[in-house]
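J.: To be precise about what I am sending: the file is called start_7.txt and holds compact mmCIF, C-alpha atoms and all ligand atoms.
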```txt
# COMPACT_ATOMS: atom_id res chain seq x y z
CA PRO A 1 28.67 29.16 -13.61
CA PRO A 2 32.12 30.39 -14.55
CA ASP A 3 34.99 30.77 -12.08
CA ILE A 4 35.86 34.48 -12.26
CA PRO A 5 39.67 34.91 -12.29
CA VAL A 6 40.39 37.21 -9.36
CA ALA A 7 43.42 38.63 -11.20
CA ASP A 8 41.01 40.18 -13.70
CA VAL A 9 39.03 41.78 -10.87
CA GLN A 10 42.27 43.06 -9.33
CA GLU A 11 43.26 44.62 -12.66
CA HIS A 12 40.11 46.79 -12.54
CA LEU A 13 41.00 47.78 -8.97
CA ARG A 14 44.48 48.78 -10.13
CA GLN A 15 42.90 51.01 -12.77
CA LEU A 16 40.58 52.63 -10.18
CA GLN A 17 43.61 53.22 -7.93
CA VAL A 18 45.45 54.94 -10.81
CA ILE A 19 42.35 57.07 -11.49
CA ALA A 20 42.28 58.18 -7.84
CA ASP A 21 46.03 58.84 -7.83
CA ASN A 22 45.70 61.03 -10.93
CA ASN A 23 42.66 62.95 -9.59
CA GLY A 24 43.52 64.25 -6.15
CA GLY A 25 43.44 60.91 -4.36
CA ASN A 26 39.71 60.14 -4.45
CA ARG A 27 36.77 59.09 -6.61
CA ALA A 28 34.06 61.02 -4.77
CA HIS A 29 30.79 62.43 -6.13
CA GLY A 30 31.39 65.76 -7.87
CA ARG A 31 35.14 65.17 -8.19
CA PRO A 32 36.97 64.34 -11.43
CA GLY A 33 37.97 60.91 -10.13
CA PHE A 34 34.34 59.84 -10.08
CA LYS A 35 33.65 60.69 -13.72
CA ALA A 36 36.98 59.12 -14.75
CA SER A 37 35.91 55.93 -12.94
CA LEU A 38 32.56 55.97 -14.75
CA ASP A 39 34.28 56.45 -18.12
CA TYR A 40 36.60 53.52 -17.40
CA ILE A 41 33.75 51.15 -16.51
CA LYS A 42 31.65 52.34 -19.48
CA GLY A 43 34.54 51.75 -21.90
CA GLN A 44 34.91 48.18 -20.61
CA LEU A 45 31.18 47.46 -21.01
CA ASP A 46 30.89 49.03 -24.46
CA ALA A 47 33.80 46.86 -25.61
CA ALA A 48 32.07 43.80 -24.11
CA GLY A 49 28.91 44.40 -26.14
CA PHE A 50 26.56 45.91 -23.52
CA GLN A 51 24.07 48.68 -24.24
CA THR A 52 25.20 51.41 -21.86
CA ALA A 53 23.48 54.57 -20.71
CA ILE A 54 24.52 57.32 -18.32
CA GLN A 55 21.75 58.75 -16.13
CA ARG A 56 22.38 62.22 -14.70
CA PHE A 57 20.95 63.61 -11.50
CA THR A 58 21.71 66.51 -9.21
CA VAL A 59 22.54 66.61 -5.52
CA ASN A 60 22.50 70.10 -3.98
CA GLY A 61 23.35 71.62 -7.35
CA THR A 62 26.14 69.18 -8.25
CA THR A 63 25.79 66.65 -11.06
CA GLY A 64 25.87 62.95 -10.28
CA TYR A 65 25.85 60.02 -12.67
CA ASN A 66 24.61 56.44 -12.72
CA LEU A 67 25.82 53.98 -15.34
CA LEU A 68 23.32 51.37 -16.58
CA ALA A 69 24.38 48.47 -18.78
CA ASP A 70 21.88 46.14 -20.41
CA TRP A 71 22.68 42.78 -21.96
CA SER A 72 20.43 42.33 -25.00
CA GLY A 73 17.91 39.53 -24.84
CA GLY A 74 16.15 37.62 -22.12
CA ASP A 75 12.55 38.13 -21.04
CA PRO A 76 12.03 41.93 -20.88
CA ASN A 77 9.29 41.42 -18.29
CA ASN A 78 11.66 39.51 -16.02
CA VAL A 79 14.66 41.67 -15.21
CA LEU A 80 17.53 40.82 -12.85
CA MET A 81 19.52 43.87 -11.76
CA VAL A 82 23.02 43.70 -10.28
CA GLY A 83 24.49 46.88 -8.79
CA ALA A 84 27.39 48.46 -6.93
CA HIS A 85 28.14 52.06 -5.99
CA LEU A 86 31.08 53.51 -7.85
CA ASP A 87 31.62 56.67 -5.81
CA GLY A 88 33.88 56.84 -2.78
CA VAL A 89 34.36 59.28 0.05
CA ARG A 90 36.79 62.21 -0.30
CA ALA A 91 39.21 60.82 2.26
CA GLY A 92 40.79 58.25 -0.02
CA PRO A 93 40.71 56.15 -3.20
CA GLY A 94 37.81 53.93 -2.13
CA ILE A 95 39.22 50.63 -3.33
CA ASN A 96 37.39 48.30 -0.96
CA ASP A 97 34.48 50.79 -0.60
CA ASN A 98 33.46 50.32 -3.31
CA GLY A 99 35.99 49.60 -6.02
CA SER A 100 35.63 45.98 -4.91
CA GLY A 101 31.92 45.59 -5.71
CA SER A 102 32.27 47.73 -8.84
CA ALA A 103 35.16 45.65 -10.18
CA ALA A 104 33.60 42.30 -9.25
CA ILE A 105 30.30 42.98 -11.05
CA LEU A 106 32.22 44.45 -14.01
CA GLU A 107 34.20 41.23 -14.42
CA VAL A 108 31.00 39.14 -14.20
CA ALA A 109 29.47 41.38 -16.89
CA ARG A 110 32.58 41.04 -19.07
CA THR A 111 32.35 37.26 -18.72
CA ILE A 112 28.75 37.38 -19.97
CA GLY A 113 30.01 39.34 -22.96
CA ARG A 114 32.95 37.04 -23.64
CA GLN A 115 30.79 33.91 -23.47
CA ASN A 116 27.99 35.65 -25.39
CA VAL A 117 25.49 33.99 -23.04
CA LYS A 118 21.79 33.83 -23.88
CA PRO A 119 20.02 34.27 -20.54
CA THR A 120 16.32 33.59 -20.11
CA LYS A 121 16.00 36.68 -17.87
CA HIS A 122 16.95 40.18 -18.96
CA LEU A 123 20.15 41.35 -17.25
CA ARG A 124 20.87 44.93 -16.22
CA PHE A 125 23.98 46.03 -14.37
CA ALA A 126 24.25 49.36 -12.54
CA TRP A 127 27.08 51.46 -11.10
CA TRP A 128 25.56 54.05 -8.78
CA GLY A 129 26.70 57.59 -8.09
CA ALA A 130 26.48 59.49 -4.81
CA GLU A 131 25.82 56.50 -2.55
CA GLU A 132 28.04 58.13 0.04
CA LEU A 133 25.74 61.17 0.11
CA GLY A 134 22.76 59.01 1.10
CA LEU A 135 22.00 56.48 -1.69
CA ARG A 136 21.25 59.37 -4.03
CA GLY A 137 21.98 57.69 -7.37
CA SER A 138 20.10 54.46 -6.69
CA ARG A 139 17.17 56.40 -5.25
CA HIS A 140 17.10 58.64 -8.32
CA TYR A 141 17.08 55.57 -10.57
CA VAL A 142 14.25 53.80 -8.73
CA ASN A 143 12.20 57.01 -8.57
CA SER A 144 12.74 57.61 -12.31
CA LEU A 145 11.07 54.31 -13.26
CA THR A 146 7.45 54.15 -14.32
CA ARG A 147 5.29 51.72 -12.38
CA THR A 148 5.42 49.38 -15.36
CA GLU A 149 9.22 49.47 -15.66
CA ARG A 150 9.53 49.00 -11.91
CA SER A 151 7.26 45.96 -11.93
CA LYS A 152 9.52 44.22 -14.46
CA ILE A 153 12.49 44.23 -12.05
CA LYS A 154 12.10 40.94 -10.20
CA ALA A 155 15.30 41.06 -8.17
CA TYR A 156 18.18 43.39 -7.24
CA LEU A 157 21.57 42.10 -6.09
CA ASN A 158 23.85 44.61 -4.31
CA PHE A 159 27.60 44.42 -3.79
CA ASP A 160 29.16 47.02 -1.49
CA MET A 161 32.54 46.17 0.14
CA VAL A 162 33.35 42.60 -0.94
CA GLY A 163 37.11 42.54 -0.30
CA SER A 164 37.48 43.72 3.30
CA PRO A 165 40.98 43.00 4.61
CA ASN A 166 39.73 41.30 7.80
CA ALA A 167 36.81 39.77 5.92
CA GLY A 168 33.54 38.35 7.16
CA TYR A 169 31.10 36.57 4.89
CA PHE A 170 27.74 38.29 5.24
CA LEU A 171 24.58 37.81 3.18
CA TYR A 172 21.72 40.28 3.33
CA ASP A 173 19.24 38.60 5.63
CA GLY A 174 16.31 38.32 3.24
CA ASP A 175 14.38 35.91 5.49
CA ASN A 176 15.28 37.55 8.82
CA SER A 177 16.41 34.08 9.92
CA ASP A 178 17.87 35.43 13.17
CA GLY A 179 14.48 36.96 14.02
CA VAL A 180 16.02 40.27 15.05
CA GLY A 181 16.93 43.56 13.44
CA ALA A 182 15.41 45.15 10.36
CA GLY A 183 12.99 42.35 9.47
CA PRO A 184 12.78 40.37 6.25
CA GLY A 185 13.18 41.83 2.78
CA PRO A 186 10.40 41.90 0.17
CA ALA A 187 9.02 38.55 -1.03
CA GLY A 188 11.72 36.65 -2.90
CA SER A 189 14.60 38.12 -0.87
CA ASP A 190 14.80 34.86 1.08
CA ARG A 191 15.35 32.97 -2.17
CA LEU A 192 18.18 35.32 -3.17
CA GLU A 193 19.83 34.72 0.19
CA ARG A 194 19.53 30.93 -0.31
CA ILE A 195 21.12 31.10 -3.78
CA LEU A 196 24.13 32.99 -2.43
CA GLU A 197 24.28 30.72 0.62
CA ASP A 198 24.37 27.67 -1.67
CA TYR A 199 27.54 29.01 -3.29
CA PHE A 200 29.36 29.61 0.00
CA ARG A 201 28.26 26.21 1.28
CA SER A 202 29.72 24.62 -1.87
CA ILE A 203 33.15 26.06 -0.99
CA ASN A 204 32.72 25.31 2.75
CA VAL A 205 32.71 28.94 3.85
CA PRO A 206 30.19 29.69 6.64
CA THR A 207 28.08 32.83 6.29
CA GLU A 208 26.06 35.10 8.56
CA GLY A 209 23.08 37.28 7.85
CA THR A 210 23.38 41.06 7.88
CA ASP A 211 20.33 43.25 8.25
CA PHE A 212 18.74 45.39 5.61
CA ASP A 213 19.63 48.39 7.77
CA GLY A 214 19.38 50.87 4.90
CA ARG A 215 23.10 51.52 4.59
CA SER A 216 23.51 50.60 0.91
CA ASP A 217 21.83 50.84 -2.48
CA TYR A 218 19.36 48.00 -1.98
CA GLY A 219 17.44 50.52 0.18
CA PRO A 220 15.46 52.25 -2.58
CA PHE A 221 14.67 48.85 -4.15
CA ILE A 222 13.27 47.22 -1.02
CA ALA A 223 11.36 50.44 -0.30
CA VAL A 224 9.27 49.76 -3.42
CA GLY A 225 8.93 46.02 -2.77
CA ILE A 226 11.63 44.65 -5.10
CA ALA A 227 13.32 41.49 -3.78
CA ALA A 228 16.94 42.16 -2.87
CA GLY A 229 20.06 40.31 -1.83
CA GLY A 230 23.83 40.49 -1.94
CA THR A 231 27.05 39.98 -0.06
CA PHE A 232 29.17 42.14 2.24
CA THR A 233 32.53 41.48 3.95
CA GLY A 234 32.20 44.06 6.71
CA ALA A 235 33.00 47.71 7.37
CA GLU A 236 33.84 49.52 10.64
CA LYS A 237 32.45 46.90 13.04
CA ARG A 238 34.94 44.66 14.76
CA LYS A 239 35.25 40.92 14.14
CA SER A 240 34.28 38.87 17.20
CA THR A 241 36.29 35.98 18.61
CA ALA A 242 33.70 33.51 17.29
CA GLN A 243 33.86 35.11 13.84
CA ALA A 244 37.67 34.96 13.81
CA GLN A 245 37.44 31.27 14.74
CA LYS A 246 35.22 30.42 11.80
CA TRP A 247 36.61 32.83 9.19
CA GLY A 248 40.19 33.45 10.30
CA GLY A 249 41.54 36.96 10.59
CA ARG A 250 41.85 39.12 13.68
CA ALA A 251 39.33 39.22 16.52
CA GLY A 252 38.73 42.66 18.01
CA VAL A 253 39.83 44.38 14.79
CA ALA A 254 37.48 46.05 12.29
CA PHE A 255 36.52 44.06 9.20
CA ASP A 256 37.89 47.08 7.32
CA PRO A 257 40.21 49.20 9.49
CA CYS A 258 40.63 51.60 6.52
CA TYR A 259 36.88 52.18 6.11
CA HIS A 260 36.33 55.71 4.72
CA SER A 261 40.04 56.45 5.19
CA SER A 262 43.02 57.42 3.07
CA CYS A 263 44.41 53.88 3.47
CA ASP A 264 41.52 52.30 1.49
CA THR A 265 44.00 51.48 -1.29
CA MET A 266 44.97 48.43 -3.36
CA ARG A 267 46.63 47.07 -0.20
CA ASN A 268 43.29 47.20 1.64
CA ILE A 269 41.92 44.10 -0.08
CA ASP A 270 41.68 40.46 1.01
CA VAL A 271 42.17 38.78 -2.37
CA THR A 272 40.60 35.52 -1.16
CA ALA A 273 37.43 37.32 -0.08
CA LEU A 274 37.34 39.24 -3.35
CA ASP A 275 37.73 36.00 -5.31
CA ARG A 276 35.01 34.15 -3.40
CA ASN A 277 32.59 37.05 -3.73
CA ALA A 278 33.21 37.44 -7.46
CA ASP A 279 32.49 33.74 -7.89
CA ALA A 280 29.38 34.04 -5.68
CA ILE A 281 28.08 36.85 -7.94
CA ALA A 282 28.62 34.70 -11.02
CA HIS A 283 26.87 31.77 -9.31
CA ALA A 284 23.84 33.91 -8.45
CA VAL A 285 23.62 35.58 -11.86
CA TRP A 286 23.89 32.25 -13.68
CA THR A 287 21.43 30.51 -11.36
CA ILE A 288 18.81 33.24 -11.71
CA ALA A 289 19.28 34.44 -15.27
CA MET A 290 19.86 31.08 -16.96
CA ALA A 291 16.94 29.33 -15.23
CA GLN A 292 14.24 27.81 -17.41
CA PRO A 293 11.95 30.39 -19.04
CA GLY A 294 8.95 31.32 -16.93
CA LYS A 295 10.60 30.30 -13.66
CA ARG A 296 10.94 33.47 -11.57
CA PHE A 297 14.11 32.51 -9.71
N1 LIG B 1 27.24 51.54 2.35
C1 LIG B 1 28.25 51.74 3.37
C2 LIG B 1 29.26 52.72 2.79
O1 LIG B 1 29.41 52.82 1.59
C3 LIG B 1 28.93 50.49 3.79
C4 LIG B 1 28.01 49.37 4.10
C5 LIG B 1 27.73 48.45 3.13
C6 LIG B 1 27.41 49.24 5.34
C7 LIG B 1 26.87 47.39 3.38
C8 LIG B 1 26.56 48.20 5.63
C9 LIG B 1 26.27 47.26 4.64
O2 LIG B 1 29.94 53.39 3.51
CA CA B 2 37.69 32.61 -8.73
ZN ZN B 3 31.27 54.16 2.13
ZN ZN B 4 29.96 51.49 0.26
ZN ZN B 5 18.79 34.88 6.63
```
What does the file become when written as structure tokens?
Ligand code: PHE
Ligand code: CA
Ligand code: ZN
Ligand code: ZN
Ligand code: ZN
T.:
Amino acid sequence: PPDIPVADVQEHLRQLQVIADNNGGNRAHGRPGFKASLDYIKGQLDAAGFQTAIQRFTVNGTTGYNLLADWSGGDPNNVLMVGAHLDGVRAGPGINDNGSGSAAILEVARTIGRQNVKPTKHLRFAWWGAEELGLRGSRHYVNSLTRTERSKIKAYLNFDMVGSPNAGYFLYDGDNSDGVGAGPGPAGSDRLERILEDYFRSINVPTEGTDFDGRSDYGPFIAVGIAAGGTFTGAEKRKSTAQAQKWGGRAGVAFDPCYHSSCDTMRNIDVTALDRNADAIAHAVWTIAMAQPGKRF
């Protein structure tokens, strides 16, 4: 798998910051900064050779948008989806939540384009709208699929907040290895967790599980039995002493003290966490999508 240059991910974040600055300070659903963000990401993907499509939906009479980007080729009956929500809250520019996931998956997609890779699985990337209003875009997408289309999606990887300034290294707990909380994900989710865990082990970064508690866009996928996984560097919860010992950073302080706030700017990013997560995404996409034909993942 390629090493994703974090400077290229940061450049997308800079562009999203400029978009917020030029559009009233946010990139929220129904606001001009959201559509400008979508147009920016779409332009990047079109230039990289993806087939892009905008899916519209409405939330209480306002129009929302998802962006889907397909990479031609691979087994059409064996689809890997990779997604991030692109909308933010109205309070601020939403650079960690969720410019970070949006930019990281964009740079992985651009790398696929640049290398003109020929995956064995079909790859589809998604940037969701209206996550902050209750996973509205991702739910609309999953509900819009026919049973046949739905059954072709073998895995969904979600990236929401992957550059938290007081970062933790969390993997969605597909196997419910701690035996508590929301329970395991659909069959195959354990395997997705292992693939991501393998990457972090290779760079000697310990990880912890985080429950499928329904707070991000994997929710509608697991609700219909699609295997899901992904990474997360923490939101409003505070880092414990034990977590600060293994990961560094500040015990007793939120993983993201600027969560849903006006200070969620370019300065609200741990570049090391962003870099590791971008590389973890590339590792997972390459491991799953370039596997021998016929092998699920
Ligand atoms: N989805 C939440 C938000 O956008 C943040 C979050 C992500 C919480 C992942 C838990 C797990 O505000
Ligand atoms: Ca890197
Ligand atoms: Zn949020
Ligand atoms: Zn989020
Ligand atoms: Zn686990």
J.: I need the residue nearest Ala280 of chain A from this list: A:Ala69, A:Leu196, A:Ala48, A:Val6. Use all atoms listed in the file for the distance.
T.: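 Nearest candidate to Ala280 of chain A out of A:Ala69, A:Leu196, A:Ala48, A:Val6: A:Leu196.
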J.: Using only C-alpha atoms, which of the listed residues (A:Val18, A:Ala291, A:Cys258, A:Leu171) sits closest to Tyr199 of chain A?
T.: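 Among the listed residues, A:Leu171 lies closest to Tyr199 of chain A.
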J.: So how far away is atom CA of Arg136 of chain A from atom CA of Thr233 of chain A, in Å?
T.: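 Interatomic distance here is 22.6 Å.
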J.: Report the closest atom pair, with its distance in Å rounded to one decimal, for each residue of chain A that has an atom no farther than 8 Å from ligand ZN 3 (chain B); count all atoms listed in the file, sort by chain and then rising residue number, and write it as JSON lines.
T.:
```
{"residue": "A:Gly88", "atom": "CA", "partner": "B:ZN3", "partner_atom": "ZN", "distance": 6.2}
{"residue": "A:Val89", "atom": "CA", "partner": "B:ZN3", "partner_atom": "ZN", "distance": 6.3}
{"residue": "A:Gly94", "atom": "CA", "partner": "B:ZN3", "partner_atom": "ZN", "distance": 7.8}
{"residue": "A:Asp97", "atom": "CA", "partner": "B:ZN3", "partner_atom": "ZN", "distance": 5.4}
{"residue": "A:Asn98", "atom": "CA", "partner": "B:ZN3", "partner_atom": "ZN", "distance": 7.0}
{"residue": "A:Glu131", "atom": "CA", "partner": "B:ZN3", "partner_atom": "ZN", "distance": 7.6}
{"residue": "A:Glu132", "atom": "CA", "partner": "B:ZN3", "partner_atom": "ZN", "distance": 5.5}
{"residue": "A:Tyr259", "atom": "CA", "partner": "B:ZN3", "partner_atom": "ZN", "distance": 7.2}
{"residue": "A:His260", "atom": "CA", "partner": "B:ZN3", "partner_atom": "ZN", "distance": 5.9}
```
J.: Could you check the closest approach to ligand LIG 1 (chain B) for each of A:Ala7, A:Leu133, A:Val82, A:Ile19 and tell me which residue wins, using all atoms listed in the file?
T.: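 Nearest to ligand LIG 1 (chain B): A:Leu133.
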J.: With distances taken over only C-alpha atoms, which of A:Thr120, A:Gln17, A:Asn96, A:Ser37 is nearest to Ala289 of chain A?
T.: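 Of the candidates, the smallest distance to Ala289 of chain A is held by A:Thr120.
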J.: May I have a table of the residues of chain A lying at most 12 Å from ligand ZN 4 (chain B), giving each one's closest pair of atoms and their distance in Å to one decimal, counting all atoms listed in the file, ordered by chain and ascending residue number, as a tab-separated table?
T.:
```
residue	atom	partner	partner_atom	distance
A:Ala28	CA	B:ZN4	ZN	11.5
A:Gly83	CA	B:ZN4	ZN	11.5
A:Ala84	CA	B:ZN4	ZN	8.2
A:His85	CA	B:ZN4	ZN	6.5
A:Leu86	CA	B:ZN4	ZN	8.4
A:Asp87	CA	B:ZN4	ZN	8.2
A:Gly88	CA	B:ZN4	ZN	7.3
A:Val89	CA	B:ZN4	ZN	8.9
A:Gly94	CA	B:ZN4	ZN	8.6
A:Ile95	CA	B:ZN4	ZN	10.0
A:Asn96	CA	B:ZN4	ZN	8.2
A:Asp97	CA	B:ZN4	ZN	4.7
A:Asn98	CA	B:ZN4	ZN	5.1
A:Gly99	CA	B:ZN4	ZN	8.9
A:Ser100	CA	B:ZN4	ZN	9.4
A:Gly101	CA	B:ZN4	ZN	8.6
A:Ser102	CA	B:ZN4	ZN	10.1
A:Trp127	CA	B:ZN4	ZN	11.7
A:Trp128	CA	B:ZN4	ZN	10.4
A:Gly129	CA	B:ZN4	ZN	10.8
A:Ala130	CA	B:ZN4	ZN	10.1
A:Glu131	CA	B:ZN4	ZN	7.1
A:Glu132	CA	B:ZN4	ZN	6.9
A:Leu133	CA	B:ZN4	ZN	10.6
A:Gly134	CA	B:ZN4	ZN	10.4
A:Leu135	CA	B:ZN4	ZN	9.6
A:Asn158	CA	B:ZN4	ZN	10.3
A:Phe159	CA	B:ZN4	ZN	8.5
A:Asp160	CA	B:ZN4	ZN	4.9
A:Met161	CA	B:ZN4	ZN	5.9
A:Val162	CA	B:ZN4	ZN	9.6
A:Gly163	CA	B:ZN4	ZN	11.5
A:Ser164	CA	B:ZN4	ZN	11.2
A:Gly214	CA	B:ZN4	ZN	11.6
A:Arg215	CA	B:ZN4	ZN	8.1
A:Ser216	CA	B:ZN4	ZN	6.5
A:Asp217	CA	B:ZN4	ZN	8.6
A:Tyr218	CA	B:ZN4	ZN	11.4
A:Thr231	CA	B:ZN4	ZN	11.9
A:Phe232	CA	B:ZN4	ZN	9.6
A:Thr233	CA	B:ZN4	ZN	11.0
A:Gly234	CA	B:ZN4	ZN	10.1
A:Ala235	CA	B:ZN4	ZN	8.6
A:Glu236	CA	B:ZN4	ZN	11.3
A:Asp256	CA	B:ZN4	ZN	11.5
A:Tyr259	CA	B:ZN4	ZN	9.1
A:His260	CA	B:ZN4	ZN	8.8
A:Asp264	CA	B:ZN4	ZN	11.7
```
J.: Measuring between only C-alpha atoms and all ligand atoms, which one of A:Glu107, A:Pro119, A:Ser144, A:Gln55 shows the shortest distance to ligand CA 2 (chain B)?
T.: A:Glu107
